[in-house]
>>> print(open('my_file.cif').read())   # mmCIF, C-alpha atoms
data_work
#
loop_
_atom_site.label_atom_id
_atom_site.label_comp_id
_atom_site.auth_asym_id
_atom_site.auth_seq_id
_atom_site.Cartn_x
_atom_site.Cartn_y
_atom_site.Cartn_z
CA MET A 1350 -74.24 -9.47 57.35
CA ASN A 1351 -73.99 -6.23 59.30
CA GLN A 1352 -71.63 -3.27 59.10
CA ALA A 1353 -69.36 -4.53 61.89
CA GLU A 1354 -68.90 -7.91 60.17
CA TRP A 1355 -67.77 -6.64 56.77
CA TYR A 1356 -65.68 -3.90 58.38
CA ASN A 1357 -63.89 -6.44 60.57
CA LEU A 1358 -62.95 -8.52 57.51
CA TYR A 1359 -61.86 -5.37 55.67
CA SER A 1360 -59.68 -4.29 58.60
CA HIS A 1361 -58.00 -7.68 58.73
CA ALA A 1362 -57.16 -7.40 55.04
CA LEU A 1363 -55.59 -3.98 55.52
CA VAL A 1364 -53.14 -5.23 58.15
CA GLU A 1365 -52.26 -8.61 56.62
CA HIS A 1366 -48.58 -8.90 55.66
CA ASP A 1367 -48.45 -12.43 54.26
CA PRO A 1368 -49.11 -12.19 50.48
CA VAL A 1369 -50.87 -15.56 50.34
CA LYS A 1370 -53.14 -14.75 53.27
CA LEU A 1371 -53.68 -11.25 51.91
CA ARG A 1372 -55.23 -12.59 48.70
CA PHE A 1373 -57.65 -14.65 50.79
CA ARG A 1374 -58.47 -11.75 53.12
CA ILE A 1375 -59.13 -9.38 50.20
CA ASN A 1376 -61.49 -11.89 48.57
CA GLU A 1377 -63.22 -12.57 51.88
CA ALA A 1378 -63.71 -8.85 52.59
CA GLU A 1379 -64.97 -8.12 49.06
CA ALA A 1380 -67.50 -10.95 49.26
CA ALA A 1381 -68.76 -9.67 52.61
CA MET A 1382 -69.09 -6.14 51.24
CA PHE A 1383 -71.10 -7.33 48.25
CA VAL A 1384 -73.42 -9.28 50.55
CA ARG A 1385 -73.86 -6.16 52.68
CA ILE A 1386 -74.60 -4.03 49.61
CA GLN A 1387 -77.32 -6.50 48.66
CA ASP A 1388 -78.77 -6.16 52.17
CA LEU A 1389 -78.78 -2.37 51.86
CA ILE A 1390 -80.39 -2.07 48.43
CA GLN A 1391 -83.91 -1.79 49.84
CA ASN A 1392 -82.93 0.71 52.54
CA PRO A 1393 -83.11 4.33 51.34
CA ASP A 1394 -81.26 5.50 54.47
CA SER A 1395 -78.16 3.46 53.70
CA ASN A 1396 -76.41 5.90 51.35
CA SER A 1397 -73.66 6.72 53.82
CA GLU A 1398 -72.78 3.07 54.46
CA ARG A 1399 -72.85 2.32 50.74
CA GLU A 1400 -70.43 5.19 50.19
CA ILE A 1401 -68.16 3.84 52.95
CA ILE A 1402 -68.25 0.41 51.30
CA ALA A 1403 -67.41 1.92 47.91
CA ASN A 1404 -64.38 3.65 49.41
CA ALA A 1405 -63.32 0.46 51.18
CA LEU A 1406 -63.62 -1.52 47.94
CA SER A 1407 -61.46 1.08 46.22
CA ASN A 1408 -58.85 0.66 48.95
CA LEU A 1409 -58.93 -3.12 48.58
CA HIS A 1410 -58.46 -2.82 44.82
CA ALA A 1411 -55.43 -0.58 45.35
CA LEU A 1412 -54.05 -3.10 47.83
CA GLN A 1413 -54.65 -5.87 45.31
CA ARG A 1414 -52.83 -3.93 42.56
CA ASN A 1415 -49.86 -3.45 44.88
CA LEU A 1416 -49.90 -7.13 45.72
CA LEU A 1417 -49.84 -8.01 42.02
CA ARG A 1418 -46.91 -5.66 41.44
CA TYR A 1419 -45.06 -7.16 44.40
CA SER A 1420 -45.75 -10.70 43.17
CA SER A 1421 -44.57 -9.94 39.64
CA ARG A 1422 -41.29 -8.48 40.96
CA GLU A 1423 -40.60 -11.66 42.92
CA ILE A 1424 -41.11 -13.79 39.81
CA ALA A 1425 -38.80 -11.64 37.65
#
>>> encode(input="my_file.cif", output="C-alpha cells")
Amino acid sequence: MNQAEWYNLYSHALVEHDPVKLRFRINEAEAAMFVRIQDLIQNPDSNSEREIIANALSNLHALQRNLLRYSSREIA
C-alpha cells in the first residue's frame, strides 16, 4: 500500500453521496490507512504522512458520525 492508494480511497469516501456506498467507502479507506500505518512504522521519516493519515481518519470519523445521524433521522 502506498500513499496514493490510501489517499485515492479516502478521496472517494469524501465525495460519495449514497449512504450505503458511503459506509463501504469509509471502511475501505480506513482499512487502507491502517495497512499504510503498519507499513510506515519502521520508517522514522514517515511522521508527516502519519500525521496526514491521522487527520484523514479524523475526517472519516466525522463523516461517519454525520452518516449515523442522517440514518437515525430517516428511521424516526
>>> resolve_selection(input="my_file.cif", expression="the PyMOL selection byres ((chain A and resi 1396-1409) around 10)", output="PDB file with C-alpha atoms, in the frame of the given file")
ATOM      1  CA  GLN A1352     -71.630  -3.270  59.100  1.00  0.00           C
ATOM      2  CA  TRP A1355     -67.770  -6.640  56.770  1.00  0.00           C
ATOM      3  CA  TYR A1356     -65.680  -3.900  58.380  1.00  0.00           C
ATOM      4  CA  TYR A1359     -61.860  -5.370  55.670  1.00  0.00           C
ATOM      5  CA  SER A1360     -59.680  -4.290  58.600  1.00  0.00           C
ATOM      6  CA  ALA A1362     -57.160  -7.400  55.040  1.00  0.00           C
ATOM      7  CA  LEU A1363     -55.590  -3.980  55.520  1.00  0.00           C
ATOM      8  CA  ARG A1374     -58.470 -11.750  53.120  1.00  0.00           C
ATOM      9  CA  ILE A1375     -59.130  -9.380  50.200  1.00  0.00           C
ATOM     10  CA  ASN A1376     -61.490 -11.890  48.570  1.00  0.00           C
ATOM     11  CA  ALA A1378     -63.710  -8.850  52.590  1.00  0.00           C
ATOM     12  CA  GLU A1379     -64.970  -8.120  49.060  1.00  0.00           C
ATOM     13  CA  MET A1382     -69.090  -6.140  51.240  1.00  0.00           C
ATOM     14  CA  PHE A1383     -71.100  -7.330  48.250  1.00  0.00           C
ATOM     15  CA  ARG A1385     -73.860  -6.160  52.680  1.00  0.00           C
ATOM     16  CA  ILE A1386     -74.600  -4.030  49.610  1.00  0.00           C
ATOM     17  CA  LEU A1389     -78.780  -2.370  51.860  1.00  0.00           C
ATOM     18  CA  ILE A1390     -80.390  -2.070  48.430  1.00  0.00           C
ATOM     19  CA  ASN A1392     -82.930   0.710  52.540  1.00  0.00           C
ATOM     20  CA  PRO A1393     -83.110   4.330  51.340  1.00  0.00           C
ATOM     21  CA  ASP A1394     -81.260   5.500  54.470  1.00  0.00           C
ATOM     22  CA  SER A1395     -78.160   3.460  53.700  1.00  0.00           C
ATOM     23  CA  HIS A1410     -58.460  -2.820  44.820  1.00  0.00           C
ATOM     24  CA  ALA A1411     -55.430  -0.580  45.350  1.00  0.00           C
ATOM     25  CA  LEU A1412     -54.050  -3.100  47.830  1.00  0.00           C
ATOM     26  CA  GLN A1413     -54.650  -5.870  45.310  1.00  0.00           C
ATOM     27  CA  ARG A1414     -52.830  -3.930  42.560  1.00  0.00           C
ATOM     28  CA  ASN A1415     -49.860  -3.450  44.880  1.00  0.00           C
TER      29      ASN A1415
END
>>> atom_distance(input="my_file.cif", atom1="atom CA of Leu1358 of chain A", atom2="atom CA of Leu1416 of chain A")
17.6 Å
>>> closest_residue(input="my_file.cif", among="A:Tyr1419, A:Asn1357, A:Asn1351, A:Val1364", to="Val1384 of chain A", atoms="all atoms listed in the file")
A:Asn1351
>>> atom_distance(input="my_file.cif", atom1="atom CA of Ala1380 of chain A", atom2="atom CA of Glu1354 of chain A")
11.4 Å
>>> atom_distance(input="my_file.cif", atom1="atom CA of Met1350 of chain A", atom2="atom CA of Leu1417 of chain A")
28.9 Å
>>> decode(input="my_file.cif", residues="chain A", atoms="C-alpha atoms", output="JSON list (two decimals), in the first residue's frame")
[["chain", "number", "residue", "atom", "x", "y", "z"],
["A", 1350, "MET", "CA", 0.00, 0.00, 0.00],
["A", 1351, "ASN", "CA", 1.40, 3.41, -0.89],
["A", 1352, "GLN", "CA", 0.28, 6.95, -0.12],
["A", 1353, "ALA", "CA", -1.54, 7.39, -3.44],
["A", 1354, "GLU", "CA", -3.58, 4.20, -2.90],
["A", 1355, "TRP", "CA", -4.97, 5.02, 0.54],
["A", 1356, "TYR", "CA", -5.48, 8.67, -0.44],
["A", 1357, "ASN", "CA", -7.47, 7.65, -3.52],
["A", 1358, "LEU", "CA", -9.80, 5.50, -1.38],
["A", 1359, "TYR", "CA", -10.12, 8.32, 1.15],
["A", 1360, "SER", "CA", -10.98, 10.83, -1.58],
["A", 1361, "HIS", "CA", -13.68, 8.55, -2.95],
["A", 1362, "ALA", "CA", -15.24, 8.32, 0.50],
["A", 1363, "LEU", "CA", -15.31, 12.09, 0.87],
["A", 1364, "VAL", "CA", -17.33, 12.59, -2.32],
["A", 1365, "GLU", "CA", -19.70, 9.61, -2.01],
["A", 1366, "HIS", "CA", -23.35, 10.65, -1.70],
["A", 1367, "ASP", "CA", -25.07, 7.26, -1.46],
["A", 1368, "PRO", "CA", -25.31, 6.36, 2.27],
["A", 1369, "VAL", "CA", -24.96, 2.62, 1.61],
["A", 1370, "LYS", "CA", -21.91, 3.07, -0.60],
["A", 1371, "LEU", "CA", -20.50, 5.63, 1.82],
["A", 1372, "ARG", "CA", -20.36, 3.09, 4.65],
["A", 1373, "PHE", "CA", -18.41, 0.75, 2.38],
["A", 1374, "ARG", "CA", -16.07, 3.50, 1.18],
["A", 1375, "ILE", "CA", -15.34, 4.66, 4.74],
["A", 1376, "ASN", "CA", -14.50, 1.11, 5.83],
["A", 1377, "GLU", "CA", -12.37, 0.55, 2.74],
["A", 1378, "ALA", "CA", -10.44, 3.80, 3.26],
["A", 1379, "GLU", "CA", -9.89, 3.13, 6.98],
["A", 1380, "ALA", "CA", -8.58, -0.36, 6.28],
["A", 1381, "ALA", "CA", -6.16, 1.01, 3.67],
["A", 1382, "MET", "CA", -4.95, 3.68, 6.08],
["A", 1383, "PHE", "CA", -4.29, 1.14, 8.82],
["A", 1384, "VAL", "CA", -2.32, -1.02, 6.36],
["A", 1385, "ARG", "CA", -0.30, 2.03, 5.36],
["A", 1386, "ILE", "CA", 0.38, 2.92, 9.01],
["A", 1387, "GLN", "CA", 1.72, -0.60, 9.51],
["A", 1388, "ASP", "CA", 4.00, -0.10, 6.50],
["A", 1389, "LEU", "CA", 5.29, 3.18, 7.94],
["A", 1390, "ILE", "CA", 6.01, 2.01, 11.49],
["A", 1391, "GLN", "CA", 9.63, 1.13, 10.72],
["A", 1392, "ASN", "CA", 10.30, 4.35, 8.80],
["A", 1393, "PRO", "CA", 11.45, 7.21, 11.05],
["A", 1394, "ASP", "CA", 10.97, 9.71, 8.20],
["A", 1395, "SER", "CA", 7.25, 9.00, 7.89],
["A", 1396, "ASN", "CA", 5.97, 11.34, 10.61],
["A", 1397, "SER", "CA", 4.39, 13.76, 8.16],
["A", 1398, "GLU", "CA", 2.46, 11.04, 6.33],
["A", 1399, "ARG", "CA", 1.34, 9.50, 9.62],
["A", 1400, "GLU", "CA", 0.05, 12.91, 10.68],
["A", 1401, "ILE", "CA", -1.81, 13.26, 7.37],
["A", 1402, "ILE", "CA", -3.35, 9.83, 7.89],
["A", 1403, "ALA", "CA", -4.40, 10.74, 11.44],
["A", 1404, "ASN", "CA", -6.15, 13.85, 10.14],
["A", 1405, "ALA", "CA", -7.81, 11.86, 7.35],
["A", 1406, "LEU", "CA", -9.04, 9.27, 9.86],
["A", 1407, "SER", "CA", -10.48, 12.06, 11.98],
["A", 1408, "ASN", "CA", -12.31, 13.38, 8.92],
["A", 1409, "LEU", "CA", -13.68, 9.92, 8.13],
["A", 1410, "HIS", "CA", -14.91, 9.52, 11.71],
["A", 1411, "ALA", "CA", -16.72, 12.87, 11.48],
["A", 1412, "LEU", "CA", -18.26, 11.76, 8.19],
["A", 1413, "GLN", "CA", -19.32, 8.51, 9.81],
["A", 1414, "ARG", "CA", -20.94, 10.35, 12.75],
["A", 1415, "ASN", "CA", -22.88, 12.52, 10.30],
["A", 1416, "LEU", "CA", -23.95, 9.43, 8.40],
["A", 1417, "LEU", "CA", -25.22, 7.84, 11.61],
["A", 1418, "ARG", "CA", -27.17, 10.99, 12.48],
["A", 1419, "TYR", "CA", -28.65, 11.09, 8.98],
["A", 1420, "SER", "CA", -29.59, 7.41, 9.16],
["A", 1421, "SER", "CA", -31.24, 7.76, 12.56],
["A", 1422, "ARG", "CA", -33.35, 10.70, 11.31],
["A", 1423, "GLU", "CA", -34.64, 8.61, 8.41],
["A", 1424, "ILE", "CA", -35.69, 5.82, 10.77],
["A", 1425, "ALA", "CA", -37.54, 8.19, 13.14]]
